[in-house]
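K.L.:
What follows is a structure written as C-alpha cells; I'll ask about it next.
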Amino acid sequence: ESGALEIRQTTNAFNQMRTRIKRFLKQRTDMLAGVSHDLRTPLTRMKLQISLMKDFDAKKELENDINEMTAMLDSYVSFVRSEVAEPIEKIKINDFVIDICNVIKIDKQKLIKNIDSNLITSFRPVQIKRSIVNIIENSIRYATEITITVNNNEDTCFIIISDNGPGIPKDRFEDVFKPFFTLDPSRNKLKGESGLGMTIARDIVRSHGGDIKLSKADQGGLKTTISLPL
C-alpha cells in the first residue's frame, strides 16, 4: 500500500475484502468436506445393519436410500476437490481426451471421436479431466450417441461434447450451472443428479481462464463447448 492517502485507503479496503472472501470460501469448503467425511461413518454402519434384515422389501428401500445418500456425498467431495490446487502440466490434448474416452464407462451408447488437434497446452490435468467426465456422463445418462470433437484456433482450444438426447430448453442453459439445480423433478440422486456436476465443470474451466457454453447440437440434443486458452 503506497501513494496518496486515498489510494492507500482504497488499497487497504480492497485487501481486507479479498481476505474476507478467501476466508469465507475456505470455511465453506472445509465445512462441506467435514460434513461429507463424517456422514460416511454412519452410512457404513447402516449398510452393515440392513445386511442382516430379513424383510426384503424394507431392506431394498433402505438400500436405495443409502445408495442415494452415498451418491450425494460423492458429488460433494468432488465439488470440494475441484477447489484444491494442483500443479499445471503441459498436456498433449489429443492423447488426453482419447484416454478419457477409453476409460469412460458406457453401456449401449455410441461414442464418436473427432479429434484432429495436435497441440500441446497447459492446465491442471486432474481437474480438467473431472470437468470433461462430468459432461460426458451427463450425455451418457440421456443420449444414445455422443460425439467428442477437439479443435482449435490461434489462441483457444475447443473440446466439444454433443449428443442426440432430449436436450435442455434454451432458457435453462444458465440454470444448469447453479449448484444443486437439476432438471429432473424427481431429483433422482441414484442417476447422479446431485445438481453439482455442471457447477464443478464450469468452475474448473473458468479457473483456467476458459469457459463452458451450451447450445443445441446438430443431432438434436445438447452441445457443450469447453474453451481453454492456449
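Following the order of the C-alpha cells, chains are lettered A, B, ..., residues in each are numbered from 1, and ligands are numbered from 1.
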Which neighbours of Thr149 of chain A fall inside 9 Å, counting only C-alpha atoms, when residues of the same chain fewer than 3 positions from it are skipped, and could you give them as a list in words?
P.N.:
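Listed by chain and then number, they are Ile112, Lys113, Asn114, Ile115, Asp116, Phe158, Ile159, Ile160, Ile161 and Ser162 of chain A.
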K.L.:
Give me the residues near Ile128 of chain A as a PDB file with all heavy atoms, in the first residue's frame, where near means some atom within 9 Å (using only C-alpha atoms) and where sequence neighbours in that chain fewer than 2 positions away do not count.
P.N.:
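This is the output file part-v5.pdb:
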```pdb
ATOM      1  N   PHE A 123      -2.516 -27.120 -18.450  1.00  0.00           N
ATOM      2  CA  PHE A 123      -3.611 -26.996 -17.497  1.00  0.00           C
ATOM      3  C   PHE A 123      -3.411 -28.015 -16.384  1.00  0.00           C
ATOM      4  O   PHE A 123      -2.447 -28.771 -16.386  1.00  0.00           O
ATOM      5  CB  PHE A 123      -4.981 -27.184 -18.175  1.00  0.00           C
ATOM      6  CG  PHE A 123      -5.103 -28.424 -19.030  1.00  0.00           C
ATOM      7  CD1 PHE A 123      -5.229 -29.683 -18.469  1.00  0.00           C
ATOM      8  CD2 PHE A 123      -5.113 -28.317 -20.420  1.00  0.00           C
ATOM      9  CE1 PHE A 123      -5.361 -30.815 -19.247  1.00  0.00           C
ATOM     10  CE2 PHE A 123      -5.234 -29.443 -21.214  1.00  0.00           C
ATOM     11  CZ  PHE A 123      -5.367 -30.693 -20.631  1.00  0.00           C
ATOM     12  N   ARG A 124      -4.343 -28.029 -15.446  1.00  0.00           N
ATOM     13  CA  ARG A 124      -4.305 -28.993 -14.344  1.00  0.00           C
ATOM     14  C   ARG A 124      -5.061 -30.241 -14.800  1.00  0.00           C
ATOM     15  O   ARG A 124      -6.293 -30.232 -14.869  1.00  0.00           O
ATOM     16  CB  ARG A 124      -4.936 -28.392 -13.089  1.00  0.00           C
ATOM     17  CG  ARG A 124      -4.183 -27.181 -12.552  1.00  0.00           C
ATOM     18  CD  ARG A 124      -4.871 -26.586 -11.333  1.00  0.00           C
ATOM     19  NE  ARG A 124      -4.094 -25.484 -10.772  1.00  0.00           N
ATOM     20  CZ  ARG A 124      -4.223 -24.218 -11.135  1.00  0.00           C
ATOM     21  NH1 ARG A 124      -5.111 -23.891 -12.076  1.00  0.00           N
ATOM     22  NH2 ARG A 124      -3.481 -23.277 -10.583  1.00  0.00           N
ATOM     23  N   PRO A 125      -4.355 -31.323 -15.113  1.00  0.00           N
ATOM     24  CA  PRO A 125      -4.992 -32.472 -15.777  1.00  0.00           C
ATOM     25  C   PRO A 125      -6.103 -33.144 -14.984  1.00  0.00           C
ATOM     26  O   PRO A 125      -7.123 -33.522 -15.545  1.00  0.00           O
ATOM     27  CB  PRO A 125      -3.822 -33.432 -16.030  1.00  0.00           C
ATOM     28  CG  PRO A 125      -2.743 -32.999 -15.087  1.00  0.00           C
ATOM     29  CD  PRO A 125      -2.911 -31.540 -14.926  1.00  0.00           C
ATOM     30  N   VAL A 126      -5.923 -33.310 -13.673  1.00  0.00           N
ATOM     31  CA  VAL A 126      -6.954 -33.990 -12.880  1.00  0.00           C
ATOM     32  C   VAL A 126      -8.245 -33.186 -12.877  1.00  0.00           C
ATOM     33  O   VAL A 126      -9.344 -33.731 -13.033  1.00  0.00           O
ATOM     34  CB  VAL A 126      -6.456 -34.235 -11.438  1.00  0.00           C
ATOM     35  CG1 VAL A 126      -7.572 -34.812 -10.582  1.00  0.00           C
ATOM     36  CG2 VAL A 126      -5.254 -35.177 -11.443  1.00  0.00           C
ATOM     37  N   ARG A 130     -11.859 -34.149 -14.695  1.00  0.00           N
ATOM     38  CA  ARG A 130     -13.108 -34.217 -13.945  1.00  0.00           C
ATOM     39  C   ARG A 130     -14.191 -33.415 -14.649  1.00  0.00           C
ATOM     40  O   ARG A 130     -15.349 -33.837 -14.736  1.00  0.00           O
ATOM     41  CB  ARG A 130     -12.896 -33.694 -12.520  1.00  0.00           C
ATOM     42  CG  ARG A 130     -14.132 -33.827 -11.638  1.00  0.00           C
ATOM     43  CD  ARG A 130     -13.852 -33.371 -10.228  1.00  0.00           C
ATOM     44  NE  ARG A 130     -12.797 -34.170  -9.615  1.00  0.00           N
ATOM     45  CZ  ARG A 130     -11.671 -33.672  -9.107  1.00  0.00           C
ATOM     46  NH1 ARG A 130     -11.458 -32.386  -9.141  1.00  0.00           N
ATOM     47  NH2 ARG A 130     -10.772 -34.461  -8.570  1.00  0.00           N
ATOM     48  N   SER A 131     -13.829 -32.262 -15.172  1.00  0.00           N
ATOM     49  CA  SER A 131     -14.791 -31.419 -15.877  1.00  0.00           C
ATOM     50  C   SER A 131     -15.337 -32.116 -17.116  1.00  0.00           C
ATOM     51  O   SER A 131     -16.551 -32.169 -17.335  1.00  0.00           O
ATOM     52  CB  SER A 131     -14.118 -30.095 -16.268  1.00  0.00           C
ATOM     53  OG  SER A 131     -15.013 -29.267 -16.957  1.00  0.00           O
ATOM     54  N   ILE A 132     -14.457 -32.691 -17.927  1.00  0.00           N
ATOM     55  CA  ILE A 132     -14.881 -33.370 -19.155  1.00  0.00           C
ATOM     56  C   ILE A 132     -15.716 -34.602 -18.834  1.00  0.00           C
ATOM     57  O   ILE A 132     -16.750 -34.862 -19.465  1.00  0.00           O
ATOM     58  CB  ILE A 132     -13.646 -33.747 -20.001  1.00  0.00           C
ATOM     59  CG1 ILE A 132     -12.922 -32.475 -20.470  1.00  0.00           C
ATOM     60  CG2 ILE A 132     -14.058 -34.598 -21.209  1.00  0.00           C
ATOM     61  CD1 ILE A 132     -11.594 -32.749 -21.153  1.00  0.00           C
ATOM     62  N   VAL A 133     -15.280 -35.378 -17.842  1.00  0.00           N
ATOM     63  CA  VAL A 133     -16.015 -36.595 -17.467  1.00  0.00           C
ATOM     64  C   VAL A 133     -17.417 -36.261 -16.985  1.00  0.00           C
ATOM     65  O   VAL A 133     -18.386 -36.942 -17.318  1.00  0.00           O
ATOM     66  CB  VAL A 133     -15.233 -37.382 -16.394  1.00  0.00           C
ATOM     67  CG1 VAL A 133     -16.102 -38.472 -15.784  1.00  0.00           C
ATOM     68  CG2 VAL A 133     -13.973 -37.995 -17.001  1.00  0.00           C
ATOM     69  N   ALA A 201     -17.858 -28.491 -13.255  1.00  0.00           N
ATOM     70  CA  ALA A 201     -17.210 -28.426 -14.568  1.00  0.00           C
ATOM     71  C   ALA A 201     -16.890 -26.985 -14.949  1.00  0.00           C
ATOM     72  O   ALA A 201     -15.766 -26.675 -15.372  1.00  0.00           O
ATOM     73  CB  ALA A 201     -18.105 -29.071 -15.624  1.00  0.00           C
ATOM     74  N   ILE A 204     -14.169 -25.268 -12.728  1.00  0.00           N
ATOM     75  CA  ILE A 204     -12.816 -25.720 -13.086  1.00  0.00           C
ATOM     76  C   ILE A 204     -12.329 -25.013 -14.340  1.00  0.00           C
ATOM     77  O   ILE A 204     -11.208 -24.483 -14.386  1.00  0.00           O
ATOM     78  CB  ILE A 204     -12.813 -27.247 -13.296  1.00  0.00           C
ATOM     79  CG1 ILE A 204     -12.979 -27.979 -11.963  1.00  0.00           C
ATOM     80  CG2 ILE A 204     -11.524 -27.690 -13.993  1.00  0.00           C
ATOM     81  CD1 ILE A 204     -13.167 -29.476 -12.107  1.00  0.00           C
ATOM     82  N   VAL A 205     -13.158 -25.003 -15.368  1.00  0.00           N
ATOM     83  CA  VAL A 205     -12.740 -24.410 -16.642  1.00  0.00           C
ATOM     84  C   VAL A 205     -12.504 -22.913 -16.486  1.00  0.00           C
ATOM     85  O   VAL A 205     -11.522 -22.367 -17.014  1.00  0.00           O
ATOM     86  CB  VAL A 205     -13.790 -24.694 -17.733  1.00  0.00           C
ATOM     87  CG1 VAL A 205     -13.460 -23.926 -19.007  1.00  0.00           C
ATOM     88  CG2 VAL A 205     -13.850 -26.190 -18.035  1.00  0.00           C
ATOM     89  N   HIS A 208      -9.268 -21.864 -15.143  1.00  0.00           N
ATOM     90  CA  HIS A 208      -8.175 -21.957 -16.111  1.00  0.00           C
ATOM     91  C   HIS A 208      -8.227 -20.824 -17.146  1.00  0.00           C
ATOM     92  O   HIS A 208      -7.465 -20.827 -18.117  1.00  0.00           O
ATOM     93  CB  HIS A 208      -8.222 -23.295 -16.845  1.00  0.00           C
ATOM     94  CG  HIS A 208      -7.760 -24.461 -16.028  1.00  0.00           C
ATOM     95  ND1 HIS A 208      -8.512 -25.013 -15.021  1.00  0.00           N
ATOM     96  CD2 HIS A 208      -6.606 -25.189 -16.067  1.00  0.00           C
ATOM     97  CE1 HIS A 208      -7.854 -26.021 -14.475  1.00  0.00           C
ATOM     98  NE2 HIS A 208      -6.700 -26.154 -15.085  1.00  0.00           N
TER      99      HIS A 208
END
```
K.L.:
Between A:Ile93, A:Ile148, A:Leu111, A:Ile98, which has the minimum distance to Leu230 of chain A (counting only C-alpha atoms)?
P.N.:
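Nearest candidate to Leu230 of chain A out of A:Ile93, A:Ile148, A:Leu111, A:Ile98: A:Ile93.
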K.L.:
Among segment 153-226 of chain A, which ones does DSSP assign to strand (DSSP E) (computed from the backbone)? Answer as a compact mmCIF listing (two decimals) with C-alpha atoms, in the first residue's frame.
P.N.:
```txt
# COMPACT_ATOMS: atom_id res chain seq x y z
CA THR A 156 -8.13 -21.20 -27.98
CA CYS A 157 -8.61 -24.95 -27.72
CA PHE A 158 -12.16 -26.29 -28.01
CA ILE A 159 -13.43 -29.57 -26.56
CA ILE A 160 -16.99 -30.13 -27.77
CA ILE A 161 -19.35 -32.81 -26.43
CA SER A 162 -22.63 -33.14 -28.32
CA ASP A 163 -25.36 -35.77 -28.12
CA ASP A 211 -15.49 -21.09 -20.19
CA ILE A 212 -18.29 -23.56 -20.95
CA LYS A 213 -21.14 -22.70 -23.31
CA LEU A 214 -24.29 -24.68 -24.08
CA SER A 215 -26.20 -24.78 -27.36
CA LYS A 216 -28.38 -27.09 -29.41
CA LEU A 222 -27.20 -30.75 -26.17
CA LYS A 223 -23.89 -29.31 -27.35
CA THR A 224 -21.39 -28.39 -24.65
CA THR A 225 -18.33 -26.40 -25.74
CA ILE A 226 -15.35 -26.18 -23.42
```
